[in-house]
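The file structure03.txt comes next; it holds compact mmCIF, C-alpha atoms and all ligand atoms.
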# COMPACT_ATOMS: atom_id res chain seq x y z
CA MET A 11 -25.23 -17.98 -120.90
CA SER A 12 -27.55 -18.03 -117.93
CA GLN A 13 -29.73 -15.12 -116.91
CA THR A 14 -27.49 -14.41 -113.89
CA GLU A 15 -24.36 -14.43 -116.04
CA ARG A 16 -25.93 -12.01 -118.47
CA TRP A 17 -27.17 -9.76 -115.64
CA PRO A 18 -24.38 -10.17 -113.07
CA ILE A 19 -26.06 -8.02 -110.43
CA ARG A 20 -26.58 -10.06 -107.28
CA GLY A 21 -29.16 -9.34 -104.61
CA GLN A 22 -31.02 -6.62 -106.56
CA PRO A 23 -33.97 -8.43 -108.17
CA ALA A 24 -36.23 -5.36 -108.39
CA ALA A 25 -33.60 -3.31 -110.22
CA VAL A 26 -32.81 -6.15 -112.62
CA ASN A 27 -36.53 -6.59 -113.38
CA ILE A 28 -36.90 -2.94 -114.35
CA MET A 29 -33.91 -3.10 -116.71
CA ARG A 30 -34.83 -6.46 -118.23
CA GLY A 31 -38.43 -5.38 -118.71
CA ALA A 32 -37.38 -2.20 -120.52
CA VAL A 33 -34.99 -4.07 -122.81
CA ALA A 34 -37.37 -6.93 -123.60
CA SER A 35 -40.37 -4.66 -124.28
CA GLY A 36 -38.42 -1.94 -126.08
CA ARG A 37 -40.12 0.61 -123.84
CA VAL A 38 -36.95 2.39 -122.81
CA ALA A 39 -37.10 5.71 -120.96
CA HIS A 40 -34.73 8.55 -121.80
CA ALA A 41 -33.28 8.69 -118.33
CA TYR A 42 -32.81 6.35 -115.38
CA LEU A 43 -31.61 7.27 -111.92
CA PHE A 44 -29.87 4.42 -110.08
CA VAL A 45 -29.94 5.23 -106.37
CA GLY A 46 -28.49 3.26 -103.47
CA PRO A 47 -25.57 2.87 -101.10
CA ARG A 48 -21.98 2.57 -102.28
CA GLY A 49 -20.81 -0.86 -103.37
CA VAL A 50 -24.11 -2.66 -104.02
CA GLY A 51 -23.88 -3.09 -107.81
CA LYS A 52 -25.08 0.16 -109.37
CA ALA A 53 -22.07 0.61 -111.68
CA THR A 54 -22.14 -3.07 -112.67
CA ALA A 55 -25.85 -2.68 -113.41
CA GLY A 56 -25.20 0.45 -115.48
CA ASN A 57 -22.73 -1.44 -117.65
CA ALA A 58 -25.04 -4.44 -118.06
CA PHE A 59 -27.95 -2.15 -118.96
CA ALA A 60 -25.82 -0.28 -121.52
CA ALA A 61 -24.76 -3.61 -123.05
CA ALA A 62 -28.38 -4.81 -123.12
CA LEU A 63 -29.56 -1.62 -124.86
CA LEU A 64 -26.95 -1.98 -127.59
CA CYS A 65 -26.59 -5.79 -127.83
CA GLU A 66 -26.94 -7.34 -131.28
CA ALA A 67 -28.92 -10.44 -130.22
CA ALA A 68 -32.01 -10.75 -132.45
CA ASP A 69 -34.30 -11.67 -129.55
CA ALA A 70 -34.61 -8.67 -127.24
CA ALA A 71 -35.28 -10.97 -124.28
CA GLU A 72 -31.79 -12.43 -124.78
CA ARG A 73 -30.01 -9.10 -124.41
CA PRO A 74 -27.34 -8.65 -123.20
CA CYS A 75 -26.11 -11.86 -124.82
CA GLY A 76 -22.57 -11.48 -123.50
CA ARG A 77 -21.24 -12.94 -126.74
CA CYS A 78 -21.62 -10.40 -129.55
CA PRO A 79 -18.90 -7.83 -130.42
CA THR A 80 -21.07 -5.06 -128.96
CA CYS A 81 -21.41 -6.78 -125.58
CA ALA A 82 -17.65 -7.36 -125.55
CA ASP A 83 -16.89 -3.74 -126.41
CA VAL A 84 -19.22 -2.36 -123.76
CA ALA A 85 -17.71 -4.70 -121.15
CA ALA A 86 -14.22 -3.56 -122.16
CA GLY A 87 -15.26 0.10 -121.94
CA ARG A 88 -14.52 0.83 -125.61
CA HIS A 89 -17.94 1.05 -127.28
CA VAL A 90 -18.21 4.28 -129.23
CA ASP A 91 -21.87 4.85 -128.29
CA VAL A 92 -21.32 4.50 -124.54
CA TYR A 93 -20.12 7.72 -122.99
CA LYS A 94 -19.04 7.73 -119.34
CA LEU A 95 -18.82 10.73 -117.12
CA VAL A 96 -16.99 10.52 -113.80
CA PRO A 97 -16.37 13.34 -111.31
CA GLU A 98 -13.35 15.57 -111.85
CA GLU A 99 -11.89 16.77 -108.55
CA ASP A 100 -14.71 14.95 -106.72
CA LYS A 101 -17.45 16.82 -108.56
CA ILE A 102 -19.35 16.65 -111.83
CA LEU A 103 -18.67 20.06 -113.33
CA ILE A 104 -20.66 22.18 -115.77
CA ASP A 105 -18.03 21.88 -118.51
CA GLN A 106 -18.31 18.12 -118.38
CA VAL A 107 -22.07 18.31 -118.78
CA ARG A 108 -21.66 20.72 -121.71
CA ARG A 109 -19.38 18.22 -123.46
CA LEU A 110 -21.94 15.51 -122.74
CA HIS A 111 -24.65 17.71 -124.25
CA GLN A 112 -22.64 18.13 -127.46
CA ARG A 113 -22.14 14.38 -127.68
CA ALA A 114 -25.85 13.81 -127.09
CA MET A 115 -26.69 15.95 -130.12
CA LEU A 116 -24.74 13.63 -132.45
CA ARG A 117 -26.30 10.49 -133.89
CA ALA A 118 -25.40 7.06 -132.58
CA VAL A 119 -22.45 5.62 -134.52
CA ARG A 120 -22.97 1.87 -134.28
CA GLY A 121 -26.01 1.09 -132.20
CA ARG A 122 -29.67 1.90 -131.80
CA TYR A 123 -28.93 4.12 -128.79
CA LYS A 124 -26.29 6.39 -127.37
CA VAL A 125 -25.91 5.61 -123.69
CA PHE A 126 -24.62 8.19 -121.23
CA LEU A 127 -23.49 6.83 -117.90
CA VAL A 128 -23.01 9.53 -115.30
CA GLU A 129 -21.37 8.30 -112.11
CA ALA A 130 -21.85 10.07 -108.78
CA VAL A 131 -24.34 12.49 -110.30
CA ASP A 132 -25.14 13.58 -106.72
CA THR A 133 -21.76 15.36 -106.71
CA ALA A 134 -22.81 17.61 -109.62
CA THR A 135 -22.63 21.31 -108.86
CA PRO A 136 -25.91 23.27 -109.07
CA ALA A 137 -24.74 24.78 -112.38
CA ALA A 138 -23.91 21.32 -113.74
CA GLN A 139 -27.31 20.03 -112.63
CA ASN A 140 -29.08 22.88 -114.39
CA ALA A 141 -27.12 22.12 -117.55
CA LEU A 142 -28.01 18.45 -117.19
CA LEU A 143 -31.67 19.36 -116.73
CA LYS A 144 -31.63 21.12 -120.12
CA VAL A 145 -30.43 17.92 -121.82
CA LEU A 146 -32.95 15.80 -119.95
CA GLU A 147 -35.80 18.14 -120.89
CA ASP A 148 -35.19 17.78 -124.58
CA PRO A 149 -33.25 14.60 -125.20
CA PRO A 150 -32.47 13.44 -128.74
CA GLY A 151 -34.56 10.37 -129.57
CA ASP A 152 -31.85 7.73 -129.47
CA THR A 153 -30.36 8.81 -126.15
CA VAL A 154 -30.49 6.99 -122.81
CA PHE A 155 -29.06 8.53 -119.66
CA ILE A 156 -28.12 6.36 -116.71
CA LEU A 157 -27.46 8.57 -113.72
CA ILE A 158 -25.87 6.93 -110.70
CA ALA A 159 -26.17 8.39 -107.20
CA HIS A 160 -25.63 7.28 -103.62
CA ASN A 161 -28.17 9.74 -102.43
CA GLU A 162 -30.87 11.69 -104.23
CA ALA A 163 -31.08 14.53 -101.70
CA PRO A 164 -28.49 16.77 -103.43
CA LEU A 165 -30.30 16.45 -106.77
CA LEU A 166 -32.71 19.02 -108.14
CA PRO A 167 -36.27 17.65 -107.91
CA THR A 168 -36.67 18.60 -111.56
CA VAL A 169 -33.76 16.31 -112.48
CA VAL A 170 -35.17 13.44 -110.42
CA SER A 171 -38.64 13.83 -111.92
CA ARG A 172 -37.25 13.42 -115.44
CA CYS A 173 -35.86 9.99 -114.58
CA VAL A 174 -37.20 6.54 -113.90
CA THR A 175 -35.82 5.88 -110.41
CA VAL A 176 -34.29 2.44 -109.90
CA ARG A 177 -33.53 1.69 -106.26
CA PHE A 178 -30.66 -0.50 -105.10
CA GLY A 179 -30.74 -1.82 -101.55
CA ARG A 180 -28.02 -3.07 -99.24
CA LEU A 181 -27.00 -6.59 -100.16
CA PRO A 182 -28.22 -9.47 -98.01
CA LYS A 183 -25.30 -10.87 -95.96
CA ASP A 184 -25.22 -14.22 -97.76
CA VAL A 185 -25.11 -12.49 -101.16
CA ALA A 186 -22.32 -10.15 -100.02
CA ALA A 187 -20.36 -13.09 -98.62
CA ALA A 188 -20.76 -15.04 -101.86
CA ILE A 189 -19.51 -12.05 -103.89
CA LEU A 190 -16.52 -11.61 -101.56
CA ARG A 191 -15.68 -15.28 -101.87
CA GLU A 192 -16.20 -15.66 -105.61
CA ARG A 193 -15.02 -12.34 -107.02
CA PHE A 194 -12.59 -11.08 -104.40
CA GLY A 195 -10.99 -14.29 -103.06
CA TYR A 196 -11.95 -13.69 -99.41
CA GLY A 197 -12.13 -17.40 -98.55
CA ASP A 198 -12.80 -17.98 -94.83
CA ALA A 199 -12.89 -14.22 -94.22
CA ALA A 200 -15.90 -13.70 -96.54
CA GLU A 201 -18.57 -13.98 -93.81
CA LEU A 202 -16.69 -11.64 -91.50
CA GLY A 203 -16.17 -9.14 -94.33
CA ALA A 204 -19.86 -9.30 -95.21
CA ALA A 205 -20.88 -8.87 -91.56
CA LEU A 206 -18.72 -5.75 -91.22
CA GLY A 207 -19.60 -4.47 -94.69
CA ASP A 208 -23.22 -3.74 -93.81
CA GLY A 209 -24.49 -4.86 -97.20
CA SER A 210 -21.92 -2.92 -99.23
CA ILE A 211 -19.05 -4.55 -101.11
CA ALA A 212 -17.14 -1.26 -101.09
CA GLN A 213 -17.33 -1.18 -97.30
CA ALA A 214 -16.58 -4.88 -96.95
CA THR A 215 -13.40 -4.66 -99.02
CA ARG A 216 -11.87 -1.80 -97.01
CA LEU A 217 -9.94 -4.52 -95.18
CA SER A 218 -8.20 -7.34 -97.04
CA PRO A 219 -8.97 -10.91 -95.94
CA GLU A 220 -5.61 -11.07 -94.14
CA GLN A 221 -6.30 -7.80 -92.33
CA LEU A 222 -9.75 -9.01 -91.30
CA LEU A 223 -8.40 -12.20 -89.74
CA GLU A 224 -5.58 -10.27 -88.07
CA ARG A 225 -8.00 -7.74 -86.56
CA ARG A 226 -10.18 -10.56 -85.33
CA GLU A 227 -7.19 -11.99 -83.48
CA ALA A 228 -6.61 -8.57 -81.95
CA ALA A 229 -10.29 -8.31 -80.95
CA LEU A 230 -10.18 -11.71 -79.26
CA ALA A 231 -6.93 -10.93 -77.48
CA PHE A 232 -8.49 -7.68 -76.24
CA PHE A 233 -11.62 -9.45 -75.02
CA ASN A 234 -9.84 -12.40 -73.41
CA ASP A 235 -7.49 -10.04 -71.62
CA LEU A 236 -10.46 -8.19 -70.14
CA LEU A 237 -12.83 -11.00 -69.24
CA GLY A 238 -12.73 -11.56 -65.51
CA ALA A 239 -9.78 -9.18 -65.11
CA ASP A 240 -9.13 -7.69 -61.67
CA PRO A 241 -11.01 -4.32 -61.80
CA THR A 242 -8.02 -2.47 -60.36
CA THR A 243 -5.99 -3.40 -63.47
CA VAL A 244 -8.64 -2.17 -65.92
CA PRO A 245 -7.93 1.61 -65.87
CA LYS A 246 -4.39 0.91 -67.04
CA LYS A 247 -5.68 -1.27 -69.87
CA ALA A 248 -8.22 1.43 -70.80
CA GLU A 249 -5.53 4.10 -70.97
CA ALA A 250 -3.92 2.26 -73.87
CA TRP A 251 -7.11 2.87 -75.93
CA HIS A 252 -7.78 6.51 -75.08
CA LYS A 253 -6.12 7.77 -78.25
CA ARG A 254 -7.00 4.87 -80.53
CA ARG A 255 -10.70 5.51 -80.97
CA ASP A 256 -11.06 4.35 -84.61
CA GLU A 257 -9.07 1.21 -83.97
CA LEU A 258 -11.23 0.41 -80.94
CA VAL A 259 -14.47 1.01 -82.88
CA GLU A 260 -13.35 -1.41 -85.59
CA LEU A 261 -12.28 -3.98 -83.04
CA LEU A 262 -15.64 -3.73 -81.27
CA GLU A 263 -17.49 -4.30 -84.54
CA ILE A 264 -15.60 -7.54 -84.96
CA LEU A 265 -16.23 -8.45 -81.33
CA GLN A 266 -19.97 -7.95 -81.92
CA THR A 267 -19.97 -10.57 -84.68
CA TRP A 268 -18.11 -12.87 -82.29
CA LEU A 269 -20.53 -12.37 -79.41
CA ARG A 270 -23.54 -12.95 -81.67
CA ASP A 271 -21.92 -16.22 -82.74
CA VAL A 272 -21.38 -17.13 -79.07
CA LEU A 273 -25.08 -16.51 -78.40
CA LEU A 274 -26.04 -18.71 -81.34
CA CYS A 275 -23.82 -21.49 -79.99
CA GLN A 276 -25.55 -21.20 -76.63
CA HIS A 277 -29.07 -21.25 -78.03
CA ARG A 278 -28.82 -23.44 -81.12
CA PRO A 279 -26.90 -26.70 -80.78
CA GLU A 280 -27.00 -27.06 -84.58
CA ALA A 281 -24.83 -23.92 -84.90
CA ALA A 282 -21.81 -25.89 -83.68
CA ASP A 283 -22.68 -28.88 -85.87
CA GLN A 284 -23.03 -26.85 -89.05
CA PRO A 285 -20.96 -23.76 -88.30
CA GLY A 286 -20.69 -22.76 -91.98
CA ALA A 287 -24.45 -22.35 -92.19
CA TRP A 288 -24.91 -20.47 -88.92
CA LEU A 289 -21.82 -18.59 -87.82
CA VAL A 290 -19.85 -15.63 -89.11
CA ASN A 291 -16.70 -16.90 -87.41
CA PHE A 292 -17.37 -20.49 -88.39
CA ASP A 293 -13.67 -21.26 -88.79
CA ARG A 294 -13.14 -20.69 -85.05
CA VAL A 295 -15.93 -22.81 -83.68
CA HIS A 296 -13.81 -24.32 -80.86
CA ASP A 297 -12.97 -20.88 -79.47
CA LEU A 298 -16.59 -19.81 -79.81
CA LEU A 299 -17.66 -22.84 -77.80
CA ALA A 300 -15.06 -22.02 -75.14
CA HIS A 301 -16.65 -18.59 -74.74
CA ALA A 302 -20.13 -20.13 -74.84
CA ARG A 303 -19.17 -22.24 -71.81
CA ALA A 304 -17.30 -19.52 -69.94
CA MET A 305 -20.07 -16.91 -70.20
CA GLY A 306 -23.76 -17.16 -69.45
CA PRO A 307 -26.16 -16.03 -72.19
CA GLU A 308 -27.10 -13.01 -70.01
CA GLU A 309 -23.45 -12.03 -69.79
CA VAL A 310 -23.06 -12.23 -73.56
CA MET A 311 -26.16 -10.05 -73.98
CA GLN A 312 -24.76 -7.59 -71.44
CA ALA A 313 -21.43 -7.42 -73.27
CA LEU A 314 -23.31 -6.69 -76.53
CA ASP A 315 -25.39 -4.03 -74.74
CA HIS A 316 -22.25 -2.37 -73.35
CA ILE A 317 -20.74 -2.21 -76.84
CA LEU A 318 -23.96 -0.84 -78.38
CA SER A 319 -24.27 1.83 -75.72
CA PHE A 320 -20.60 2.75 -76.24
CA HIS A 321 -21.27 3.25 -79.97
CA ARG A 322 -24.42 5.24 -79.25
CA ARG A 323 -22.80 7.57 -76.72
CA LEU A 324 -19.76 8.02 -78.95
CA SER A 325 -22.07 9.27 -81.71
CA GLU A 326 -23.53 11.74 -79.19
CA ASN A 327 -20.06 13.28 -78.87
CA VAL A 328 -19.52 12.26 -75.28
CA GLY A 329 -15.79 12.46 -74.42
CA VAL A 330 -13.94 9.32 -75.51
CA ARG A 331 -11.86 8.71 -72.37
CA PRO A 332 -14.65 8.22 -69.82
CA LEU A 333 -16.58 6.09 -72.33
CA VAL A 334 -13.59 3.81 -72.88
CA ASP A 335 -13.02 3.53 -69.12
CA VAL A 336 -16.64 2.55 -68.49
CA LEU A 337 -16.79 0.13 -71.42
CA LEU A 338 -13.70 -1.78 -70.36
CA LEU A 339 -14.82 -2.02 -66.74
CA ASP A 340 -18.24 -3.27 -67.91
CA LEU A 341 -16.76 -5.84 -70.28
CA ALA A 342 -14.35 -7.06 -67.61
CA ALA A 343 -17.37 -7.85 -65.40
CA CYS A 344 -19.04 -9.96 -68.10
CA GLY A 345 -17.47 -13.35 -67.56
CA ARG A 346 -14.67 -15.59 -66.47
CA ARG A 347 -11.33 -15.55 -68.18
CA VAL A 348 -11.11 -17.92 -71.12
CA VAL A 349 -7.81 -19.64 -71.61
CA ALA A 350 -7.72 -20.32 -75.32
ZN ZN B 1 -24.71 -9.02 -127.12
Do you think you could lay out the structure here as structure tokens?
Amino acid sequence: MSQTERWPIRGQPAAVNIMRGAVASGRVAHAYLFVGPRGVGKATAGNAFAAALLCEAADAAERPCGRCPTCADVAAGRHVDVYKLVPEEDKILIDQVRRLHQRAMLRAVRGRYKVFLVEAVDTATPAAQNALLKVLEDPPGDTVFILIAHNEAPLLPTVVSRCVTVRFGRLPKDVAAAILRERFGYGDAAELGAALGDGSIAQATRLSPEQLLERREAALAFFNDLLGADPTTVPKKAEAWHKRRDELVELLEILQTWLRDVLLCQHRPEAADQPGAWLVNFDRVHDLLAHARAMGPEEVMQALDHILSFHRRLSENVGVRPLVDVLLLDLAACGRRVVA
């Protein structure tokens, strides 16, 4: 098995190095805190680390081997020395931590360690965190805690300081797209999913591949309908969006990926020759080129600016209706109509 199969955590080399180094050297801390955005591989990493700590391979550098009964049991979630804690009613509660404490006091059954994986530890109540702190302050020798959090701000500094912090970043777009293609069957929609997912697989998979392609059609229909439209017809078009804010925001995000692709087509001739390497919407290169001809690069930049300023002002709690009216008028002025 290759290194990447044994540590199937893509796009997080620093985190993998910390775990591999600890396993290979045998210098394992009592507690690790995995911190980073949702959907970037923290839970996968926690499972791989647990398997590596318990794996039966003779050579520590080969752990996790992915082949021994221990690796199989950890992967299947049935290893007796791996104890998982997940929030109950959206929170980690003090009773859960008390049960964990009792388990921590017992000896490992099969392996050299007992591994406690605590998911969403940042949801732990203050009482639960204080209880957790007690365990972390005086951990039994064969115990390893892996605490997983999206955010360390809600954690007691005393809890954080007991842990080795392992940071997980947002995934690079190409890594996210590869994961969507290989593990989630996104096919041609993988690049678009990755572009909208902002480096998080959880965010990218909110929409199925079919939904993504459907919304893109809607975004293009919206844009084509507006481009070069008679300004007197725009207020009526805008009215249709006044009460569909979330839908419009999503559509604009897709439109942004489209407009960036149009810009690339205008500036880099190779983008059209090798669309798969350059473009998010590579499967629609003919339509991209139609827009690239119909709009000047300045107009594309203006359209992007209008969308960005719409997003910015929306986050400043400016009323939605006037913002939508202005945005649609601005976009309508950005180019000639494209007949696709
Ligand atoms: Zn193994």
Contacts to ligand ZN 1 (chain B) at 10 Å cut-off (all atoms listed in the file) as a PDB file with C-alpha atoms, keeping the file's coordinate frame:
ATOM      1  CA  ARG A  16     -25.930 -12.010-118.470  1.00  0.00           C
ATOM      2  CA  ALA A  61     -24.760  -3.610-123.050  1.00  0.00           C
ATOM      3  CA  ALA A  62     -28.380  -4.810-123.120  1.00  0.00           C
ATOM      4  CA  LEU A  63     -29.560  -1.620-124.860  1.00  0.00           C
ATOM      5  CA  LEU A  64     -26.950  -1.980-127.590  1.00  0.00           C
ATOM      6  CA  CYS A  65     -26.590  -5.790-127.830  1.00  0.00           C
ATOM      7  CA  GLU A  66     -26.940  -7.340-131.280  1.00  0.00           C
ATOM      8  CA  ALA A  67     -28.920 -10.440-130.220  1.00  0.00           C
ATOM      9  CA  ALA A  68     -32.010 -10.750-132.450  1.00  0.00           C
ATOM     10  CA  ALA A  70     -34.610  -8.670-127.240  1.00  0.00           C
ATOM     11  CA  GLU A  72     -31.790 -12.430-124.780  1.00  0.00           C
ATOM     12  CA  ARG A  73     -30.010  -9.100-124.410  1.00  0.00           C
ATOM     13  CA  PRO A  74     -27.340  -8.650-123.200  1.00  0.00           C
ATOM     14  CA  CYS A  75     -26.110 -11.860-124.820  1.00  0.00           C
ATOM     15  CA  GLY A  76     -22.570 -11.480-123.500  1.00  0.00           C
ATOM     16  CA  ARG A  77     -21.240 -12.940-126.740  1.00  0.00           C
ATOM     17  CA  CYS A  78     -21.620 -10.400-129.550  1.00  0.00           C
ATOM     18  CA  PRO A  79     -18.900  -7.830-130.420  1.00  0.00           C
ATOM     19  CA  THR A  80     -21.070  -5.060-128.960  1.00  0.00           C
ATOM     20  CA  CYS A  81     -21.410  -6.780-125.580  1.00  0.00           C
ATOM     21  CA  ALA A  82     -17.650  -7.360-125.550  1.00  0.00           C
ATOM     22  CA  ASP A  83     -16.890  -3.740-126.410  1.00  0.00           C
ATOM     23  CA  VAL A  84     -19.220  -2.360-123.760  1.00  0.00           C
TER      24      VAL A  84
END
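Considering all atoms listed in the file, the residue among A:Gly46, A:Ala159, A:Ala114, A:Thr168 positioned nearest to Glu147 in chain A is A:Thr168.
Distances from A:Gln22, A:Val90, A:Val174, A:Lys52 to Ala212 in chain A were compared using only C-alpha atoms, and the smallest one belongs to A:Lys52.
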### Task
Skip Gln221 in chain A itself and residues of its chain fewer than 2 positions away, then list as a VMD selection string all residues within 12 Å of it, counting only C-alpha atoms.
chain A and resid 196 199 202 to 203 214 to 219 223 to 228 260 to 261 264
## Note on the structure
Between A:Arg122, A:His321, A:His296, A:Lys246, smallest distance to Leu262 in chain A by all atoms listed in the file belongs to A:His321
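Comparing A:Pro245, A:Pro332, A:Gly306, A:Pro182 by their smallest distance to Cys275 in chain A, the closest is A:Gly306 (using all atoms listed in the file).
The space separating CA of Arg191 in chain A from CA of Gly179 in chain A comes to 20.2 Å.
Here CA of His111 in chain A stands at a distance of 26.5 Å from CA of Gly51 in chain A.
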### Message
Can you tell me which residues surround Arg117 in chain A at a distance of at most 12 Å, considering only C-alpha atoms, apart from same-chain residues fewer than 4 positions away, and format the answer as an MDAnalysis selection string?
### Response
chainID A and resid 90:91 112:113 121:125 149:153
